[in-house]
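**Q** Have a peek at coords.csv (CSV, C-alpha atoms and all ligand atoms).
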chain,number,residue,atom,x,y,z
A,1,MET,CA,-133.6,42.3,109.2
A,2,VAL,CA,-132.9,41.6,112.9
A,3,SER,CA,-131.0,44.6,114.3
A,4,ALA,CA,-127.8,44.0,116.2
A,5,GLY,CA,-128.0,44.6,119.9
A,6,ARG,CA,-126.0,47.6,121.2
A,7,PHE,CA,-124.8,48.4,124.7
A,8,ILE,CA,-124.5,52.1,125.7
A,9,ALA,CA,-123.5,53.3,129.1
A,10,PHE,CA,-123.9,56.8,130.5
A,11,GLU,CA,-121.2,57.8,133.0
A,12,GLY,CA,-120.3,60.9,134.9
A,13,GLY,CA,-120.2,62.4,138.4
A,14,GLU,CA,-123.2,63.2,140.5
A,15,GLY,CA,-125.6,65.9,139.2
A,16,THR,CA,-124.3,66.0,135.7
A,17,GLY,CA,-127.8,65.4,134.2
A,18,LYS,CA,-126.9,62.0,132.9
A,19,SER,CA,-130.2,60.4,134.0
A,20,THR,CA,-132.2,63.0,132.0
A,21,GLN,CA,-129.9,62.4,129.0
A,22,MET,CA,-130.4,58.7,129.3
A,23,ARG,CA,-134.2,59.1,129.2
A,24,LEU,CA,-134.0,61.4,126.2
A,25,LEU,CA,-131.8,58.9,124.3
A,26,CYS,CA,-134.1,55.9,125.2
A,27,ASP,CA,-137.1,57.9,123.8
A,28,ALA,CA,-135.2,58.6,120.6
A,29,LEU,CA,-134.2,54.9,120.2
A,30,LEU,CA,-137.8,53.8,120.8
A,31,ALA,CA,-138.9,56.2,118.1
A,32,HIS,CA,-136.5,54.4,115.7
A,33,GLY,CA,-138.5,51.2,116.4
A,34,LEU,CA,-135.8,49.5,118.4
A,35,GLU,CA,-136.3,47.4,121.5
A,36,VAL,CA,-134.7,49.4,124.3
A,37,ILE,CA,-133.9,48.2,127.8
A,38,ALA,CA,-133.2,51.1,130.2
A,39,THR,CA,-131.3,50.1,133.3
A,40,ARG,CA,-129.0,51.3,136.0
A,41,GLU,CA,-126.2,50.5,138.3
A,42,PRO,CA,-125.9,49.5,141.0
A,43,GLY,CA,-129.1,47.6,140.3
A,44,GLY,CA,-131.1,46.4,137.3
A,45,THR,CA,-132.0,42.9,138.6
A,46,PRO,CA,-133.6,41.9,141.9
A,47,GLY,CA,-130.3,40.7,143.3
A,48,ALA,CA,-128.4,43.8,142.2
A,49,GLU,CA,-131.1,46.1,143.5
A,50,ALA,CA,-130.7,44.3,146.9
A,51,ILE,CA,-127.0,44.9,146.8
A,52,ARG,CA,-127.7,48.6,145.9
A,53,GLY,CA,-129.5,49.0,149.2
A,54,LEU,CA,-126.4,47.6,151.0
A,55,LEU,CA,-124.1,50.0,149.2
A,56,LEU,CA,-126.0,53.2,149.4
A,57,ALA,CA,-127.4,52.8,152.9
A,58,PRO,CA,-124.7,50.6,154.4
A,59,PRO,CA,-125.3,48.9,157.8
A,60,GLY,CA,-123.2,49.7,160.8
A,61,GLN,CA,-119.9,51.3,160.0
A,62,GLY,CA,-120.2,51.0,156.3
A,63,TRP,CA,-117.9,49.0,154.0
A,64,ASN,CA,-114.1,49.1,153.7
A,65,ALA,CA,-112.9,50.1,150.2
A,66,ARG,CA,-112.3,46.5,149.0
A,67,ALA,CA,-115.6,45.2,150.3
A,68,GLU,CA,-117.4,48.1,148.5
A,69,ALA,CA,-115.6,47.3,145.2
A,70,LEU,CA,-116.6,43.6,145.6
A,71,LEU,CA,-120.2,44.5,146.2
A,72,PHE,CA,-120.3,46.7,143.1
A,73,ALA,CA,-118.7,43.9,141.1
A,74,ALA,CA,-121.1,41.3,142.4
A,75,ALA,CA,-124.1,43.5,141.6
A,76,ARG,CA,-122.7,44.0,138.1
A,77,SER,CA,-122.1,40.3,137.6
A,78,ASP,CA,-125.8,39.5,138.3
A,79,HIS,CA,-126.9,42.5,136.1
A,80,VAL,CA,-124.7,41.4,133.2
A,81,GLU,CA,-125.6,37.7,133.3
A,82,ARG,CA,-129.4,38.0,134.0
A,83,LEU,CA,-130.4,41.2,132.1
A,84,ILE,CA,-127.7,42.7,129.8
A,85,ARG,CA,-126.3,39.7,127.9
A,86,PRO,CA,-129.7,38.1,127.3
A,87,ALA,CA,-131.1,41.4,126.0
A,88,LEU,CA,-128.1,42.0,123.7
A,89,ALA,CA,-128.4,38.4,122.4
A,90,ARG,CA,-132.0,39.0,121.2
A,91,GLY,CA,-131.0,42.2,119.5
A,92,ALA,CA,-132.2,44.8,122.0
A,93,TRP,CA,-130.4,48.1,122.7
A,94,VAL,CA,-129.4,48.2,126.4
A,95,VAL,CA,-128.8,51.7,127.9
A,96,THR,CA,-127.4,51.8,131.4
A,97,ASP,CA,-127.1,54.7,133.9
A,98,ARG,CA,-123.5,53.8,135.0
A,99,PHE,CA,-121.4,50.7,134.4
A,100,VAL,CA,-117.8,49.5,135.2
A,101,ASP,CA,-116.2,52.9,134.5
A,102,SER,CA,-118.0,54.2,137.6
A,103,SER,CA,-116.2,51.5,139.6
A,104,ARG,CA,-112.9,52.5,137.9
A,105,ALA,CA,-113.4,56.2,138.7
A,106,TYR,CA,-115.0,55.9,142.2
A,107,GLN,CA,-113.5,52.8,143.8
A,108,GLY,CA,-110.3,52.5,141.7
A,109,GLY,CA,-109.4,56.2,141.4
A,110,ALA,CA,-111.0,58.2,144.2
A,111,GLY,CA,-111.2,55.2,146.5
A,112,GLY,CA,-107.5,54.4,146.0
A,113,LEU,CA,-107.8,50.7,144.9
A,114,GLY,CA,-106.2,51.3,141.5
A,115,ASP,CA,-107.5,50.5,138.1
A,116,ALA,CA,-105.9,47.1,137.7
A,117,ALA,CA,-107.8,45.7,140.7
A,118,ILE,CA,-111.2,47.0,139.4
A,119,VAL,CA,-110.5,45.6,135.9
A,120,ALA,CA,-109.6,42.2,137.4
A,121,LEU,CA,-112.8,42.1,139.4
A,122,HIS,CA,-114.7,42.9,136.2
A,123,GLU,CA,-112.9,40.2,134.3
A,124,PHE,CA,-113.9,37.7,137.0
A,125,GLY,CA,-117.5,38.9,137.6
A,126,SER,CA,-118.6,39.9,134.1
A,127,GLN,CA,-116.0,38.4,131.7
A,128,GLY,CA,-114.9,41.9,131.1
A,129,LEU,CA,-118.0,43.0,129.1
A,130,ARG,CA,-117.5,46.5,127.7
A,131,PRO,CA,-120.2,48.8,126.3
A,132,ASP,CA,-120.1,49.4,122.6
A,133,LEU,CA,-120.0,53.1,123.6
A,134,THR,CA,-119.7,54.9,126.9
A,135,LEU,CA,-120.9,58.5,127.0
A,136,LEU,CA,-119.2,60.5,129.7
A,137,ILE,CA,-121.3,63.6,130.6
A,138,GLU,CA,-119.0,66.3,131.8
A,139,VAL,CA,-120.1,69.6,133.4
A,140,ASP,CA,-118.2,72.4,135.2
A,141,PRO,CA,-118.0,71.9,139.0
A,142,ALA,CA,-120.1,75.1,139.8
A,143,SER,CA,-123.2,73.9,138.0
A,144,VAL,CA,-122.8,70.4,139.6
A,145,SER,CA,-123.1,71.9,143.1
A,146,ALA,CA,-126.2,73.9,142.1
A,147,ARG,CA,-127.9,70.9,140.6
A,148,LEU,CA,-127.1,68.7,143.6
A,149,ALA,CA,-128.4,71.2,146.1
A,150,ALA,CA,-131.6,71.3,144.1
A,151,ARG,CA,-131.9,67.5,143.7
A,152,ASP,CA,-130.7,66.1,147.0
A,153,GLY,CA,-131.3,69.1,149.3
A,154,GLY,CA,-128.6,67.8,151.6
A,155,ASN,CA,-129.9,64.2,151.7
A,156,SER,CA,-127.3,62.4,149.6
A,157,ASP,CA,-126.5,58.7,149.9
A,158,ALA,CA,-123.4,57.1,151.4
A,159,ILE,CA,-121.3,57.6,148.3
A,160,GLY,CA,-122.9,60.8,146.9
A,161,GLY,CA,-122.3,62.4,150.3
A,162,ARG,CA,-118.5,62.1,150.2
A,163,ASP,CA,-116.5,65.3,150.2
A,164,ALA,CA,-115.7,67.6,147.3
A,165,ALA,CA,-112.1,66.3,147.1
A,166,TYR,CA,-113.4,62.7,146.5
A,167,HIS,CA,-115.8,63.9,143.8
A,168,ALA,CA,-113.1,66.0,142.1
A,169,GLN,CA,-111.0,62.8,142.0
A,170,VAL,CA,-113.9,61.0,140.5
A,171,ALA,CA,-114.3,63.6,137.7
A,172,ALA,CA,-110.5,63.6,137.0
A,173,GLY,CA,-110.6,59.8,136.9
A,174,PHE,CA,-113.4,59.7,134.4
A,175,HIS,CA,-111.6,62.2,132.2
A,176,ALA,CA,-108.4,60.2,132.2
A,177,LEU,CA,-110.3,57.0,131.3
A,178,ALA,CA,-111.8,58.8,128.3
A,179,ALA,CA,-108.4,60.2,127.2
A,180,ALA,CA,-107.0,56.6,127.3
A,181,ASP,CA,-109.8,55.1,125.3
A,182,PRO,CA,-111.1,57.6,122.7
A,183,ALA,CA,-112.9,55.0,120.7
A,184,GLY,CA,-114.8,53.5,123.6
A,185,ILE,CA,-115.5,56.4,125.9
A,186,ARG,CA,-116.8,59.7,124.4
A,187,PRO,CA,-116.8,62.9,126.5
A,188,VAL,CA,-120.1,64.8,126.0
A,189,GLY,CA,-120.3,68.4,127.2
A,190,GLY,CA,-123.1,68.6,129.7
A,191,ASN,CA,-123.4,72.3,129.9
A,192,GLY,CA,-126.4,73.9,128.2
A,193,THR,CA,-130.1,73.0,128.0
A,194,PRO,CA,-131.1,69.3,128.1
A,195,ASP,CA,-132.0,69.5,124.4
A,196,GLU,CA,-128.6,70.9,123.5
A,197,VAL,CA,-126.8,68.1,125.3
A,198,HIS,CA,-129.2,65.5,123.8
A,199,GLN,CA,-128.1,66.7,120.3
A,200,ARG,CA,-124.5,66.0,121.3
A,201,VAL,CA,-125.5,62.5,122.5
A,202,LEU,CA,-127.3,61.8,119.3
A,203,ALA,CA,-124.3,62.9,117.3
A,204,ALA,CA,-122.1,60.6,119.3
A,205,ILE,CA,-124.2,57.5,118.8
A,206,ALA,CA,-125.1,58.2,115.1
A,207,PRO,CA,-122.6,55.8,113.7
A,208,LEU,CA,-123.9,52.9,115.9
A,209,LEU,CA,-127.5,53.8,114.9
A,210,GLU,CA,-126.7,53.9,111.2
A,211,GLN,CA,-125.4,50.3,111.4
A,212,SER,CA,-128.6,49.1,113.2
A,213,VAL,CA,-131.6,50.6,111.5
B,301,LIG,P1,-127.3,57.0,142.2
B,301,LIG,O1,-128.4,57.5,143.2
B,301,LIG,O2,-127.8,56.1,141.2
B,301,LIG,O3,-126.5,58.2,141.7
B,301,LIG,P2,-126.4,59.0,140.4
B,301,LIG,O4,-127.7,59.6,140.1
B,301,LIG,O5,-125.3,60.0,140.6
B,301,LIG,O6,-126.0,58.0,139.4
B,301,LIG,O7,-126.2,56.3,143.2
B,301,LIG,C1,-125.2,55.6,142.6
B,301,LIG,C2,-124.0,56.0,143.5
B,301,LIG,O8,-123.1,54.9,143.5
B,301,LIG,C3,-123.2,57.2,142.9
B,301,LIG,O9,-122.7,57.9,144.0
B,301,LIG,C4,-122.0,56.5,142.2
B,301,LIG,C5,-121.8,55.3,143.0
B,301,LIG,N1,-121.2,54.2,142.2
B,301,LIG,C6,-119.9,53.8,142.6
B,301,LIG,O10,-119.3,54.3,143.5
B,301,LIG,N2,-119.4,52.7,141.9
B,301,LIG,C7,-120.0,52.1,140.9
B,301,LIG,O11,-119.5,51.1,140.3
B,301,LIG,C8,-121.3,52.5,140.6
B,301,LIG,C9,-122.1,51.8,139.5
B,301,LIG,C10,-121.9,53.6,141.3
Could you rewrite the structure in this file as structure tokens?

**A**
Amino acid sequence: MVSAGRFIAFEGGEGTGKSTQMRLLCDALLAHGLEVIATREPGGTPGAEAIRGLLLAPPGQGWNARAEALLFAAARSDHVERLIRPALARGAWVVTDRFVDSSRAYQGGAGGLGDAAIVALHEFGSQGLRPDLTLLIEVDPASVSARLAARDGGNSDAIGGRDAAYHAQVAAGFHALAAADPAGIRPVGGNGTPDEVHQRVLAAIAPLLEQSV
């Protein structure tokens, strides 16, 4: 039987441990014999990776909020058309570190552009593609600061380096998106050991896996 392709996105603020969780999930899916494409945003294709460089180390004075949102949407459009849709069409599981809900929480919420503008850009750029399931890794703010200090040591990028109020708005924005779409966006408690969190991730994706293997 050819398995159905599935699209999973990890979301959350900076320093939530989502990249570690993504790796653990990809290993688990590979162990089930599935074809797994691990990717990230902004990035995932040569064009989108080039845009990533422009976004995270912007030239000159940086981007205004609308230009920033357009660049994220352009990178996503290339990523969806050249990598994600073809992989899903051949039955692979695609697991991405961030997707459109990052644009909704960062640019739409914290950046002040509003959700409708980001959703409209996504409709235009990527025909509104949604993951089958989005896993929102949520941790308490104190442990985030500790993890970021250990990871970045004060060298964060143009967006990660924004102030605490911006990042608090990002976290609140993600939480509200999950509350509004319980079937599509599943909050996963990120406190605890990586393995404890991984067990929660596996429980969240179990129904999708049962349909596919
Ligand atoms: P990255 O180094 O990948 O951060 P992280 O490990 O936290 O995922 O940098 C991605 C940055 O871009 C991060 O600060 C979140 C931000 N971002 C947006 O603001 N909007 C988006 O649509 C995406 C995909 C990322």

**Q** Could you report the residues within 7 Å of ligand LIG 301 (chain B), using only C-alpha atoms and all ligand atoms, as a list of chain:residue names?

**A** A:Gly13, A:Glu14, A:Gly15, A:Ser19, A:Glu41, A:Pro42, A:Leu56, A:Phe72, A:Asp97, A:Arg98, A:Phe99, A:Val100, A:Asp101, A:Ser102, A:Ser103, A:Tyr106, A:Gln107, A:Ile159, A:Gly160

**Q** Pick from A:Thr96, A:Gln21, A:Asn155, A:Ser77: nearest to Leu133 in chain A, with all atoms listed in the file counted?

**A**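 So, comparing all the options, the nearest one is A:Thr96.
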
**Q** A:Val188, A:Ala110, A:Ala158, A:Ala172: which is nearest Gly53 in chain A, counting all atoms listed in the file?

**A** A:Ala158

**Q** Would you mind reading off the distance between CA of Gln211 in chain A and CA of Gly192 in chain A, one decimal, in Å?

**A**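 So the answer is 29.0 Å.
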
**Q** Could you pull the residues within 7 Å of Asp132 in chain A, counting all atoms listed in the file, minus those fewer than 3 positions along the same chain, as an MDAnalysis selection string?

**A** chainID A and resid 6:8 184

**Q** Between A:Glu35, A:Glu49, A:Asp140, A:Asp157, which one has atoms that come closest to Ala4 in chain A, using only C-alpha atoms?

**A**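 Among the listed residues, the smallest separation from Ala4 in chain A belongs to A:Glu35.
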
**Q** Report the distance between CA of Glu11 in chain A and CA of Gly189 in chain A in Å, rounded to one decimal place.

**A**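 Between CA of Glu11 in chain A and CA of Gly189 in chain A the gap works out to 12.1 Å.
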
**Q** Using all atoms listed in the file, which residue out of A:Arg90, A:Arg82, A:Lys18, A:Arg186 lies closest to Ser126 in chain A?

**A**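 For Ser126 in chain A, the nearest of the candidates is A:Arg82.
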
**Q** How many Å lie between CA of Ala164 in chain A and CA of Gly108 in chain A, rounded to one decimal?

**A** 17.0 Å
